[in-house]
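Structure file query_13.tsv (TSV, C-alpha atoms) follows.
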```tsv
chain	number	residue	atom	x	y	z
A	1	MET	CA	212.71	34.28	69.89
A	2	SER	CA	212.43	31.04	67.98
A	3	GLU	CA	209.19	30.14	66.31
A	4	ASN	CA	208.83	27.06	68.43
A	5	ASN	CA	209.00	28.93	71.69
A	6	ALA	CA	205.54	30.43	71.35
A	7	ASN	CA	204.43	33.16	73.72
A	8	LEU	CA	201.72	32.39	76.20
A	9	SER	CA	198.40	32.80	74.45
A	10	GLU	CA	194.95	32.95	75.97
A	11	LYS	CA	193.41	32.03	72.63
A	12	SER	CA	195.59	28.99	72.22
A	13	ILE	CA	194.92	27.80	75.79
A	14	LYS	CA	191.18	28.41	75.72
A	15	GLY	CA	190.83	26.75	72.34
A	16	SER	CA	191.98	23.44	73.79
A	17	LEU	CA	190.03	23.40	77.04
A	18	SER	CA	186.78	21.49	77.44
A	19	LYS	CA	183.43	23.21	77.43
A	20	ALA	CA	182.57	22.06	80.95
A	21	LEU	CA	185.82	23.47	82.22
A	22	LEU	CA	185.34	26.79	80.44
A	23	ASN	CA	181.95	27.10	82.13
A	24	ASP	CA	183.56	26.93	85.55
A	25	ILE	CA	186.44	29.26	84.79
A	26	ASP	CA	186.40	32.93	85.72
A	27	SER	CA	189.19	34.16	83.50
A	28	ILE	CA	192.65	33.38	82.23
A	29	PHE	CA	195.01	36.24	83.02
A	30	ILE	CA	198.34	36.46	81.24
A	31	GLU	CA	200.90	39.08	82.25
A	32	ASP	CA	204.16	39.73	80.48
A	33	SER	CA	205.82	40.51	83.77
A	34	THR	CA	204.36	40.40	87.26
A	35	GLU	CA	205.53	40.32	90.89
A	36	SER	CA	204.03	36.93	91.70
A	37	THR	CA	201.23	34.96	90.06
A	38	ASN	CA	200.22	33.68	93.52
A	39	ASP	CA	199.68	37.27	94.69
A	40	ASN	CA	197.57	37.97	91.59
A	41	ALA	CA	195.46	34.88	92.24
A	42	LYS	CA	195.02	35.81	95.89
A	43	GLU	CA	193.88	39.30	95.00
A	44	HIS	CA	191.48	38.03	92.36
A	45	LEU	CA	189.83	35.59	94.79
A	46	LYS	CA	188.36	38.50	96.71
A	47	THR	CA	185.94	39.16	93.85
A	48	GLN	CA	185.97	35.84	92.02
A	49	ARG	CA	182.57	34.40	91.14
A	50	ASN	CA	183.28	31.12	89.42
A	51	LEU	CA	185.00	27.99	90.66
A	52	PHE	CA	188.47	28.98	89.55
A	53	SER	CA	190.68	31.37	87.62
A	54	VAL	CA	194.09	31.01	85.99
A	55	HIS	CA	196.97	33.43	86.49
A	56	LEU	CA	200.02	33.22	84.24
A	57	ALA	CA	203.08	35.31	83.54
A	58	GLU	CA	206.02	35.19	81.14
A	59	GLN	CA	208.18	36.42	84.00
A	60	GLN	CA	207.93	36.88	87.77
A	61	VAL	CA	209.88	39.66	89.39
A	62	SER	CA	209.31	38.33	92.93
A	63	GLY	CA	208.51	34.68	92.30
A	64	ARG	CA	208.70	32.83	95.59
A	65	GLY	CA	208.49	29.44	97.16
A	66	ARG	CA	208.12	28.28	100.74
A	67	ASN	CA	209.54	30.64	103.37
A	68	ASN	CA	209.75	33.41	100.81
A	69	LYS	CA	212.59	31.62	99.09
A	70	LYS	CA	213.14	33.07	95.65
A	71	TRP	CA	211.73	31.12	92.69
A	72	VAL	CA	213.95	31.87	89.70
A	73	SER	CA	211.55	33.12	87.01
A	74	PRO	CA	213.27	34.30	83.82
A	75	HIS	CA	211.20	35.70	80.96
A	76	GLY	CA	209.56	33.40	78.44
A	77	LYS	CA	211.28	30.16	79.41
A	78	ASN	CA	209.22	28.50	82.07
A	79	ILE	CA	205.71	28.16	83.43
A	80	TYR	CA	204.52	30.32	86.31
A	81	LEU	CA	200.94	29.32	86.89
A	82	SER	CA	198.64	30.01	89.80
A	83	LEU	CA	195.13	28.71	90.13
A	84	ALA	CA	192.66	30.53	92.32
A	85	TRP	CA	190.11	28.02	93.59
A	86	LYS	CA	186.98	28.94	95.52
A	87	SER	CA	186.67	25.65	97.36
A	88	THR	CA	184.13	24.43	99.88
A	89	LEU	CA	186.82	22.58	101.82
A	90	LEU	CA	187.30	22.80	105.56
A	91	HIS	CA	190.71	22.92	107.19
A	92	SER	CA	190.26	19.30	108.22
A	93	GLN	CA	190.00	18.30	104.55
A	94	LEU	CA	193.24	19.97	103.55
A	95	GLU	CA	195.36	17.07	104.70
A	96	GLY	CA	196.90	15.54	101.64
A	97	LEU	CA	195.80	18.26	99.20
A	98	SER	CA	199.39	19.25	98.67
A	99	LEU	CA	200.26	15.70	97.65
A	100	ALA	CA	197.14	15.30	95.53
A	101	VAL	CA	198.15	18.37	93.53
A	102	ALA	CA	201.60	16.89	92.91
A	103	THR	CA	200.02	13.59	91.87
A	104	ASN	CA	197.80	15.26	89.26
A	105	LEU	CA	200.67	17.40	88.08
A	106	ILE	CA	202.58	14.20	87.30
A	107	SER	CA	199.63	13.03	85.21
A	108	ALA	CA	199.62	16.37	83.39
A	109	LEU	CA	203.34	16.37	82.61
A	110	LYS	CA	203.90	12.70	81.77
A	111	GLU	CA	203.18	13.13	78.07
A	112	PHE	CA	205.82	15.86	77.73
A	113	THR	CA	208.83	13.92	78.96
A	114	THR	CA	210.41	10.53	78.61
A	115	GLY	CA	212.35	11.09	81.83
A	116	ASP	CA	211.65	9.47	85.18
A	117	LEU	CA	209.14	11.82	86.87
A	118	ARG	CA	209.09	11.51	90.65
A	119	ILE	CA	207.52	13.30	93.61
A	120	LYS	CA	209.68	14.29	96.52
A	121	TRP	CA	207.40	14.58	99.53
A	122	PRO	CA	205.38	16.59	99.99
A	123	ASN	CA	205.17	17.98	96.47
A	124	ASP	CA	208.39	18.75	94.59
A	125	LEU	CA	208.65	17.16	91.14
A	126	LEU	CA	211.94	15.80	89.86
A	127	ILE	CA	213.08	14.26	86.60
A	128	ASN	CA	216.05	11.92	86.85
A	129	GLY	CA	216.80	13.32	90.30
A	130	LYS	CA	216.70	16.98	89.30
A	131	LYS	CA	214.01	19.34	90.54
A	132	ILE	CA	211.87	20.69	87.74
A	133	SER	CA	208.81	21.91	89.62
A	134	GLY	CA	207.73	23.40	92.93
A	135	ILE	CA	204.25	23.93	94.31
A	136	LEU	CA	203.23	26.54	96.86
A	137	ILE	CA	199.69	26.41	98.21
A	138	GLU	CA	198.16	29.27	100.18
A	139	THR	CA	194.73	29.22	101.76
A	140	THR	CA	192.49	31.71	103.47
A	141	ASP	CA	189.07	31.44	105.09
A	142	SER	CA	186.08	32.77	103.21
A	143	GLU	CA	182.35	32.55	103.71
A	144	ASP	CA	181.66	29.28	101.92
A	145	GLY	CA	184.88	27.45	102.58
A	146	LEU	CA	188.55	27.91	101.93
A	147	ASP	CA	189.89	30.09	99.15
A	148	ILE	CA	192.90	28.24	97.82
A	149	VAL	CA	195.76	29.43	95.65
A	150	ILE	CA	197.81	26.71	94.00
A	151	GLY	CA	201.05	28.11	92.65
A	152	ILE	CA	202.99	25.91	90.25
A	153	GLY	CA	206.42	26.73	88.90
A	154	ILE	CA	207.90	24.50	86.19
A	155	ASN	CA	211.29	24.82	84.56
A	156	VAL	CA	210.64	24.12	80.90
A	157	HIS	CA	213.60	25.34	78.94
A	158	MET	CA	215.69	27.49	81.24
A	159	ASP	CA	219.35	28.15	80.35
A	160	GLU	CA	222.08	26.87	82.61
A	161	SER	CA	223.18	30.46	83.32
A	162	GLU	CA	219.67	31.62	84.21
A	163	GLY	CA	219.37	28.94	86.86
A	164	SER	CA	222.88	29.36	88.24
A	165	GLU	CA	221.67	30.84	91.54
A	166	ILE	CA	219.43	27.87	92.34
A	167	ASP	CA	220.93	26.16	95.38
A	168	GLN	CA	219.93	22.63	94.49
A	169	SER	CA	220.18	20.27	91.58
A	170	TRP	CA	217.61	21.44	89.01
A	171	GLY	CA	216.52	20.42	85.56
A	172	ASN	CA	214.03	21.24	82.83
A	173	LEU	CA	210.89	19.44	81.74
A	174	GLU	CA	212.49	19.47	78.31
A	175	GLU	CA	215.92	17.97	78.68
A	176	ASN	CA	218.56	19.62	76.49
A	177	PRO	CA	216.12	22.42	75.58
A	178	THR	CA	215.35	22.55	71.91
A	179	PHE	CA	212.25	24.69	72.39
A	180	LYS	CA	210.01	22.09	70.85
A	181	LEU	CA	207.61	22.04	73.78
A	182	ASP	CA	204.84	24.59	73.52
A	183	ARG	CA	204.12	25.93	77.00
A	184	ASN	CA	200.51	26.61	76.04
A	185	LYS	CA	199.94	22.90	75.51
A	186	ILE	CA	201.53	22.04	78.84
A	187	ILE	CA	199.33	24.63	80.55
A	188	VAL	CA	196.20	23.14	78.96
A	189	SER	CA	197.19	19.75	80.29
A	190	ILE	CA	197.85	21.10	83.81
A	191	VAL	CA	194.64	23.16	83.98
A	192	THR	CA	192.65	20.14	82.79
A	193	GLU	CA	194.17	17.91	85.49
A	194	MET	CA	193.66	20.52	88.19
A	195	TYR	CA	190.04	20.93	87.17
A	196	LYS	CA	189.59	17.21	87.79
A	197	LEU	CA	191.08	17.76	91.22
A	198	PHE	CA	188.72	20.66	92.01
A	199	LYS	CA	185.82	18.35	91.22
A	200	GLY	CA	187.15	15.14	92.72
A	201	TYR	CA	189.27	16.01	95.73
A	202	PRO	CA	186.46	17.49	97.87
A	203	ILE	CA	184.63	14.17	97.54
A	204	SER	CA	187.44	11.66	97.83
A	205	GLY	CA	190.15	13.49	99.76
A	206	PHE	CA	193.71	12.19	99.32
A	207	LYS	CA	192.65	8.53	99.37
A	208	LYS	CA	191.99	8.44	95.64
A	209	TYR	CA	195.45	9.86	94.87
A	210	HIS	CA	197.34	7.76	97.41
A	211	HIS	CA	198.20	4.87	95.14
A	212	VAL	CA	199.44	6.97	92.21
A	213	PHE	CA	201.43	9.11	94.61
A	214	GLU	CA	203.18	6.05	95.98
A	215	THR	CA	204.08	4.76	92.53
A	216	HIS	CA	205.97	8.03	91.95
A	217	ASN	CA	207.27	8.46	95.49
A	218	LEU	CA	210.98	9.28	95.14
A	219	LEU	CA	211.68	8.63	98.81
A	220	LYS	CA	210.04	5.25	99.18
A	221	ASP	CA	212.35	2.64	100.73
A	222	LYS	CA	215.17	5.19	100.92
A	223	LEU	CA	217.14	6.14	104.00
A	224	CYS	CA	216.30	9.77	104.65
A	225	LYS	CA	216.98	12.63	106.96
A	226	VAL	CA	214.09	14.96	107.79
A	227	GLU	CA	214.93	18.28	109.37
A	228	THR	CA	212.49	20.56	111.10
A	229	ASP	CA	213.33	23.75	112.96
A	230	LYS	CA	213.57	21.82	116.18
A	231	GLU	CA	214.49	18.26	115.39
A	232	THR	CA	216.15	15.94	112.94
A	233	TYR	CA	214.73	12.53	112.18
A	234	GLU	CA	216.45	9.73	110.36
A	235	GLY	CA	215.11	6.48	109.09
A	236	LYS	CA	213.76	4.53	106.18
A	237	VAL	CA	210.77	5.98	104.37
A	238	LEU	CA	207.97	3.42	104.22
A	239	GLY	CA	205.75	5.70	102.15
A	240	VAL	CA	202.94	8.08	102.99
A	241	ASN	CA	199.66	7.32	104.73
A	242	GLU	CA	196.11	8.20	103.70
A	243	VAL	CA	196.36	11.74	105.00
A	244	GLY	CA	199.69	12.38	103.32
A	245	GLU	CA	202.01	12.06	106.30
A	246	LEU	CA	205.49	10.75	105.61
A	247	LEU	CA	206.13	7.46	107.39
A	248	LEU	CA	209.68	7.15	108.63
A	249	GLU	CA	210.80	3.92	110.26
A	250	LYS	CA	213.70	3.44	112.63
A	251	ASN	CA	214.29	0.39	114.83
A	252	GLY	CA	210.72	-0.73	114.37
A	253	GLU	CA	209.30	2.63	115.43
A	254	ILE	CA	207.32	4.64	112.90
A	255	GLN	CA	207.27	8.42	112.89
A	256	HIS	CA	204.39	10.24	111.18
A	257	LEU	CA	205.75	13.50	109.79
A	258	ARG	CA	203.84	16.49	108.56
A	259	TYR	CA	206.64	18.95	107.95
A	260	GLY	CA	210.36	19.14	107.47
A	261	GLU	CA	213.00	19.27	104.77
A	262	VAL	CA	213.83	15.83	103.49
A	263	SER	CA	217.17	14.76	102.14
A	264	ILE	CA	218.12	11.31	100.96
A	265	ARG	CA	221.06	10.07	102.99
A	266	GLU	CA	224.11	9.28	100.98
A	267	LEU	CA	225.33	5.79	101.67
B	268	MET	CA	174.59	29.59	117.62
B	269	ASP	CA	177.09	31.06	115.21
B	270	ILE	CA	177.34	28.77	112.18
B	271	ARG	CA	181.11	29.16	112.22
B	272	LYS	CA	181.21	27.68	115.70
B	273	VAL	CA	179.17	24.70	114.55
B	274	LYS	CA	181.47	24.29	111.55
B	275	LYS	CA	184.44	24.29	113.91
B	276	LEU	CA	182.79	21.70	116.11
B	277	ILE	CA	182.25	19.45	113.13
B	278	GLU	CA	185.92	19.76	112.24
B	279	MET	CA	186.87	19.09	115.85
B	280	LEU	CA	184.77	15.96	115.92
B	281	GLU	CA	186.06	14.74	112.57
B	282	ASN	CA	189.60	15.08	113.79
B	283	SER	CA	189.08	13.40	117.12
B	284	ASN	CA	188.27	9.89	118.13
B	285	LEU	CA	185.30	11.14	120.08
B	286	GLU	CA	181.89	9.85	119.16
B	287	GLU	CA	179.89	12.87	120.06
B	288	ILE	CA	180.17	16.42	121.24
B	289	GLU	CA	177.52	18.35	123.06
B	290	ILE	CA	177.87	22.06	123.68
B	291	GLN	CA	175.61	24.23	125.75
B	292	GLU	CA	175.69	27.97	125.75
B	293	GLY	CA	173.00	29.12	128.10
B	294	GLU	CA	169.76	27.79	126.73
B	295	GLU	CA	171.26	27.04	123.38
B	296	SER	CA	172.74	23.62	122.70
B	297	VAL	CA	174.19	21.61	119.86
B	298	ARG	CA	174.84	17.89	119.86
B	299	LEU	CA	176.91	16.24	117.13
B	300	VAL	CA	177.10	12.47	116.83
B	301	LYS	CA	179.57	10.59	114.69
B	302	SER	CA	178.49	7.34	113.05
B	303	ASN	CA	180.73	5.15	110.84
B	304	GLY	CA	183.25	7.93	110.92
B	305	ASN	CA	180.73	10.42	109.53
B	306	ILE	CA	178.84	13.09	111.34
B	307	LYS	CA	175.30	11.94	111.15
B	308	ASN	CA	173.02	13.67	113.49
B	309	ILE	CA	172.81	17.32	114.28
B	310	SER	CA	170.22	18.37	116.77
B	311	SER	CA	170.02	21.85	118.14
B	312	SER	CA	167.70	24.02	120.08
B	313	GLN	CA	168.01	27.74	119.99
B	314	SER	CA	167.20	30.75	122.03
B	315	VAL	CA	169.53	33.43	123.35
B	316	ALA	CA	173.27	33.07	123.22
B	317	VAL	CA	175.01	33.47	126.54
B	318	PRO	CA	178.80	33.62	126.40
B	319	GLN	CA	179.34	31.15	129.26
B	320	MET	CA	180.25	27.83	127.74
B	321	SER	CA	180.14	24.36	129.18
B	322	THR	CA	181.12	21.26	127.30
B	323	SER	CA	180.52	17.59	127.81
B	324	VAL	CA	182.49	15.10	125.78
B	325	THR	CA	182.10	11.35	125.57
B	326	PRO	CA	185.33	9.60	124.77
B	327	LYS	CA	184.93	6.52	122.59
B	328	GLU	CA	187.94	4.83	124.06
B	329	GLU	CA	191.13	6.07	125.60
B	330	SER	CA	191.95	9.21	123.68
B	331	GLN	CA	195.57	9.94	122.90
B	332	SER	CA	196.88	13.00	124.62
B	333	GLU	CA	197.66	14.81	121.37
B	334	GLU	CA	194.11	14.35	120.24
B	335	GLU	CA	192.55	15.70	123.39
B	336	VAL	CA	190.07	18.40	122.70
B	337	ASN	CA	191.83	21.43	123.95
B	338	GLN	CA	189.33	23.00	126.27
B	339	GLU	CA	190.63	25.99	128.14
B	340	SER	CA	189.45	26.20	131.67
B	341	GLU	CA	190.34	29.87	131.95
B	342	GLU	CA	188.09	32.74	131.06
B	343	GLY	CA	188.56	34.45	127.72
B	344	ASN	CA	188.43	33.73	124.04
B	345	PHE	CA	191.07	31.63	122.40
B	346	ILE	CA	192.02	31.49	118.77
B	347	THR	CA	192.92	27.86	118.22
B	348	SER	CA	194.73	26.09	115.43
B	349	PRO	CA	192.31	24.42	112.98
B	350	MET	CA	194.97	21.89	111.98
B	351	VAL	CA	198.25	20.26	112.86
B	352	GLY	CA	201.19	22.21	111.51
B	353	THR	CA	203.79	24.87	112.17
B	354	PHE	CA	202.84	28.25	113.60
B	355	TYR	CA	204.14	31.41	111.94
B	356	ALA	CA	203.54	34.79	113.52
B	357	SER	CA	204.29	36.68	110.29
B	358	ALA	CA	203.64	36.35	106.56
B	359	SER	CA	207.28	35.60	105.80
B	360	PRO	CA	210.51	35.15	107.75
B	361	GLY	CA	211.71	38.48	109.09
B	362	ALA	CA	208.44	40.28	108.37
B	363	LYS	CA	206.44	41.99	111.11
B	364	PRO	CA	204.10	39.72	113.09
B	365	PHE	CA	200.43	39.94	112.12
B	366	ILE	CA	199.54	40.81	115.71
B	367	ASN	CA	201.35	41.59	118.97
B	368	VAL	CA	200.24	41.46	122.61
B	369	GLY	CA	198.20	44.58	123.32
B	370	ASP	CA	196.99	44.99	119.73
B	371	LEU	CA	193.32	45.26	118.93
B	372	VAL	CA	192.02	42.70	116.46
B	373	ALA	CA	188.74	42.59	114.61
B	374	GLU	CA	186.83	39.46	113.68
B	375	GLY	CA	188.14	38.28	110.32
B	376	ASP	CA	191.64	39.75	110.70
B	377	VAL	CA	194.48	37.43	109.73
B	378	VAL	CA	196.39	36.61	112.92
B	379	CYS	CA	198.90	33.98	111.85
B	380	ILE	CA	199.82	31.26	109.39
B	381	VAL	CA	199.78	27.55	110.10
B	382	GLU	CA	201.84	25.55	107.62
B	383	ALA	CA	201.20	21.93	106.86
B	384	MET	CA	202.90	20.01	104.04
B	385	LYS	CA	203.88	23.14	102.17
B	386	MET	CA	200.47	24.70	102.42
B	387	MET	CA	200.45	28.10	104.06
B	388	ASN	CA	197.11	28.59	105.76
B	389	GLU	CA	196.04	32.02	106.93
B	390	ILE	CA	194.16	31.85	110.21
B	391	LYS	CA	191.58	34.52	110.94
B	392	SER	CA	190.31	35.77	114.28
B	393	GLU	CA	186.80	34.76	115.24
B	394	PHE	CA	186.72	37.47	117.86
B	395	SER	CA	187.14	41.19	118.16
B	396	GLY	CA	189.16	42.41	121.10
B	397	LYS	CA	192.57	42.89	122.58
B	398	VAL	CA	195.41	40.37	122.30
B	399	VAL	CA	196.14	39.24	125.87
B	400	SER	CA	198.71	36.56	125.18
B	401	ILE	CA	200.45	34.63	122.41
B	402	ARG	CA	200.93	31.08	123.59
B	403	VAL	CA	203.11	29.63	120.87
B	404	GLU	CA	206.60	30.65	119.78
B	405	ASN	CA	207.19	31.49	116.14
B	406	SER	CA	207.85	28.39	113.99
B	407	GLU	CA	206.81	26.00	116.78
B	408	PRO	CA	204.59	23.04	115.94
B	409	VAL	CA	200.91	23.33	116.87
B	410	GLU	CA	198.41	20.58	117.45
B	411	TYR	CA	194.82	20.53	116.30
B	412	GLY	CA	192.72	22.70	118.61
B	413	GLN	CA	195.70	24.15	120.46
B	414	ALA	CA	195.17	27.67	121.77
B	415	ILE	CA	197.46	30.14	120.00
B	416	PHE	CA	196.09	33.54	121.04
B	417	GLU	CA	194.00	34.74	123.94
B	418	ILE	CA	191.70	37.61	123.08
B	419	ALA	CA	189.85	39.71	125.65
B	420	GLU	CA	186.62	41.36	124.57
```
Kindly transcribe the structure held in the file into structure tokens.
Amino acid sequence: MSENNANLSEKSIKGSLSKALLNDIDSIFIEDSTESTNDNAKEHLKTQRNLFSVHLAEQQVSGRGRNNKKWVSPHGKNIYLSLAWKSTLLHSQLEGLSLAVATNLISALKEFTTGDLRIKWPNDLLINGKKISGILIETTDSEDGLDIVIGIGINVHMDESEGSEIDQSWGNLEENPTFKLDRNKIIVSIVTEMYKLFKGYPISGFKKYHHVFETHNLLKDKLCKVETDKETYEGKVLGVNEVGELLLEKNGEIQHLRYGEVSIREL
Amino acid sequence: MDIRKVKKLIEMLENSNLEEIEIQEGEESVRLVKSNGNIKNISSSQSVAVPQMSTSVTPKEESQSEEEVNQESEEGNFITSPMVGTFYASASPGAKPFINVGDLVAEGDVVCIVEAMKMMNEIKSEFSGKVVSIRVENSEPVEYGQAIFEIAE
């Protein structure tokens, strides 16, 4: 392995995190290989005492996205990061969280790329039209509020061959991988941004993130098709509203959508 | 009154365009009033909890049908959806459902997942008892407050 492609290191990560943050963190767990960092985070939440914990792995054997779709997770190349957050949120406050996480992830990643970082509603991240990151959030009720797992997968320097089974256009955070990006530094940046979200989101909700989301909204003003299990909607995306719903306009009528697979219609 | 019920009522009120909710359970009652979009005033009197429930709601203006507080007129306990989303009976596609009709559930058991904007939210039972009916098909949309399961004690 090249010198530049450093292994994940707890020491290196901790050394760059703020004191306030370290006070609120339970632990940083780094596995060489694990089934799924989200599962680890979920398990840890059962006994977690502090605000949050960080779960990382060099490789995931059963990395997954929505609907149990496989998340390609080769060893040592990418970031597989799950945050276990003991929140005080209620279900009614969850609206928009998914989008707020994507918004802060953009802020965290901006300094590592010169590419055009965009969010595809609700929370996929793309650079120059290629997906580089997916977010899977899982929540469960606990005594003081919702326990929330935020799983973030980021392609950093994955080989073409390693990603060959991915069924959509994908890219890396580092275009034309030269292994110059140190994943530990990226992780520090993400954890720092997410910590801001743990502190800020319960107070402000999605409202505070709305504007930044819109400035990175890939779908805005595009003609799109949104498919759900039951229906297909088509129209022009006006943006998202203050609870994170996608606003789709057709013939003057506006649909408020909360789920569905979006594709941009080829013209 | 169970604090979880009160918490649910607050959520219900926040999500509705109602101005206040008043619930009586026997001699016990809770009244929640919304002011400037916030829940301001909680008054309650307590004695013994009786499982009969009667509700009075004061609509602010014409409430949209999808925002109607879903109040079941039938007997029985209903596990309702705490949010708008998609109902999943199992943890992942093809996996066994969390619960089936006829199963016994305990309070706190995970009974389903409601997905909203790529967040998978485990829903837990507030009751212990037997599953009488499942009122939503797998991967169907659910509204806020919609009854998903009926549980008999």
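Counting only C-alpha atoms, the residue from B:Ile366, B:Val297, B:Met350, B:Ala419 that sits nearest to chain A is B:Met350.
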Gap from CA of Phe198 (chain A) to CA of Ile186 (chain A) - Å, one decimal:
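Answer for the CA of Phe198 (chain A) to CA of Ile186 (chain A) separation: 18.4 Å.
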When distances are computed from only C-alpha atoms, which of A:Leu94, A:Leu146, A:Ile119, A:Val72 shows the smallest separation from Glu160 (chain A)?
A:Val72
May I have a table of the residues of chain A lying at most 7 Å from chain B, giving each one's closest pair of atoms and their distance in Å to one decimal, counting all atoms listed in the file, ordered by chain and ascending residue number, as a Markdown table?
```
| residue | atom | partner | partner_atom | distance |
| --- | --- | --- | --- | --- |
| A:Arg66 | CA | B:Lys385 | CA | 6.8 |
| A:Asn67 | CA | B:Ser359 | CA | 6.0 |
| A:Asn68 | CA | B:Ser359 | CA | 6.0 |
| A:His91 | CA | B:Pro349 | CA | 6.2 |
| A:Ser92 | CA | B:Glu278 | CA | 5.9 |
| A:Ser98 | CA | B:Met384 | CA | 6.5 |
| A:Pro122 | CA | B:Met384 | CA | 5.9 |
| A:Leu136 | CA | B:Lys385 | CA | 6.3 |
| A:Ile137 | CA | B:Met386 | CA | 4.6 |
| A:Glu138 | CA | B:Met387 | CA | 4.7 |
| A:Thr139 | CA | B:Asn388 | CA | 4.7 |
| A:Thr140 | CA | B:Glu389 | CA | 5.0 |
| A:Arg258 | CA | B:Met384 | CA | 5.8 |
| A:Tyr259 | CA | B:Met384 | CA | 5.5 |
```
With a distance cut-off of 7 Å and only C-alpha atoms, select the neighbouring residues of region 130-133 of chain A, excluding the residue or stretch itself and same-chain residues fewer than 3 positions from it, and output the selection as a ChimeraX atom specification.
/A:124-127,153-155,169-173
Please save C-alpha atoms of the selected residues as an mmCIF file, keeping the file's coordinate frame.
```cif
data_model
loop_
_atom_site.group_PDB
_atom_site.id
_atom_site.type_symbol
_atom_site.label_atom_id
_atom_site.label_comp_id
_atom_site.auth_asym_id
_atom_site.auth_seq_id
_atom_site.Cartn_x
_atom_site.Cartn_y
_atom_site.Cartn_z
ATOM 1 C CA ASP A 124 208.390 18.750 94.590
ATOM 2 C CA LEU A 125 208.650 17.160 91.140
ATOM 3 C CA LEU A 126 211.940 15.800 89.860
ATOM 4 C CA ILE A 127 213.080 14.260 86.600
ATOM 5 C CA GLY A 153 206.420 26.730 88.900
ATOM 6 C CA ILE A 154 207.900 24.500 86.190
ATOM 7 C CA ASN A 155 211.290 24.820 84.560
ATOM 8 C CA SER A 169 220.180 20.270 91.580
ATOM 9 C CA TRP A 170 217.610 21.440 89.010
ATOM 10 C CA GLY A 171 216.520 20.420 85.560
ATOM 11 C CA ASN A 172 214.030 21.240 82.830
ATOM 12 C CA LEU A 173 210.890 19.440 81.740
#
```
Neighbour list for Val372 (chain B) as a PyMOL selection string, cut-off 8 Å, all atoms listed in the file, skip fewer than 4 positions in-chain:
chain B and resi 366+376+392+394-398
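One distance worth recording is that between CA of Val101 (chain A) and CA of Phe213 (chain A), which is 9.9 Å.
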What does the distance from CA of His55 (chain A) to CA of Asn40 (chain A) come to in Å, to one decimal?
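One can read the CA of His55 (chain A) to CA of Asn40 (chain A) distance as 6.9 Å.
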For Asn344 (chain B), which of B:Glu295, B:Glu289, B:Glu374, B:Glu404 is the closest residue, counting only C-alpha atoms?
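That would be B:Glu374, the residue with the smallest distance to Asn344 (chain B).
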Can you tell me, as a ChimeraX atom specification, what residues are no more than 9 Å from Trp71 (chain A) when counting all atoms listed in the file, ignoring any on the same chain fewer than 6 positions away?
/A:60,62-65,134,153,166
Between A:Asp159, A:Glu231, A:Glu95, A:Asp39, which residue has the minimum interatomic distance to Pro202 (chain A), considering all atoms listed in the file?
A:Glu95
Missing atoms in region 248-259 of chain A: fill them in up to N, CA and C atoms and send the result as an mmCIF file, in the frame of the given file.
```cif
data_model
loop_
_atom_site.group_PDB
_atom_site.id
_atom_site.type_symbol
_atom_site.label_atom_id
_atom_site.label_comp_id
_atom_site.auth_asym_id
_atom_site.auth_seq_id
_atom_site.Cartn_x
_atom_site.Cartn_y
_atom_site.Cartn_z
ATOM 1 N N LEU A 248 208.244 7.364 108.507
ATOM 2 C CA LEU A 248 209.680 7.150 108.630
ATOM 3 C C LEU A 248 209.920 6.095 109.697
ATOM 4 N N GLU A 249 210.626 5.028 109.324
ATOM 5 C CA GLU A 249 210.800 3.920 110.260
ATOM 6 C C GLU A 249 212.247 3.825 110.747
ATOM 7 N N LYS A 250 212.367 3.686 112.071
ATOM 8 C CA LYS A 250 213.700 3.440 112.630
ATOM 9 C C LYS A 250 213.574 2.488 113.805
ATOM 10 N N ASN A 251 214.326 1.412 113.772
ATOM 11 C CA ASN A 251 214.290 0.390 114.830
ATOM 12 C C ASN A 251 212.869 -0.049 115.160
ATOM 13 N N GLY A 252 212.072 -0.241 114.154
ATOM 14 C CA GLY A 252 210.720 -0.730 114.370
ATOM 15 C C GLY A 252 209.713 0.337 114.787
ATOM 16 N N GLU A 253 210.208 1.561 115.030
ATOM 17 C CA GLU A 253 209.300 2.630 115.430
ATOM 18 C C GLU A 253 208.973 3.493 114.210
ATOM 19 N N ILE A 254 207.709 3.857 114.076
ATOM 20 C CA ILE A 254 207.320 4.640 112.900
ATOM 21 C C ILE A 254 206.926 6.060 113.284
ATOM 22 N N GLN A 255 207.603 7.010 112.685
ATOM 23 C CA GLN A 255 207.270 8.420 112.890
ATOM 24 C C GLN A 255 206.310 8.860 111.791
ATOM 25 N N HIS A 256 205.303 9.653 112.165
ATOM 26 C CA HIS A 256 204.390 10.240 111.180
ATOM 27 C C HIS A 256 204.758 11.711 111.050
ATOM 28 N N LEU A 257 205.270 12.125 109.906
ATOM 29 C CA LEU A 257 205.750 13.500 109.790
ATOM 30 C C LEU A 257 204.866 14.343 108.886
ATOM 31 N N ARG A 258 204.671 15.569 109.323
ATOM 32 C CA ARG A 258 203.840 16.490 108.560
ATOM 33 C C ARG A 258 204.613 17.682 108.023
ATOM 34 N N TYR A 259 205.838 17.845 108.469
ATOM 35 C CA TYR A 259 206.640 18.950 107.950
ATOM 36 C C TYR A 259 208.109 18.600 108.070
#
```
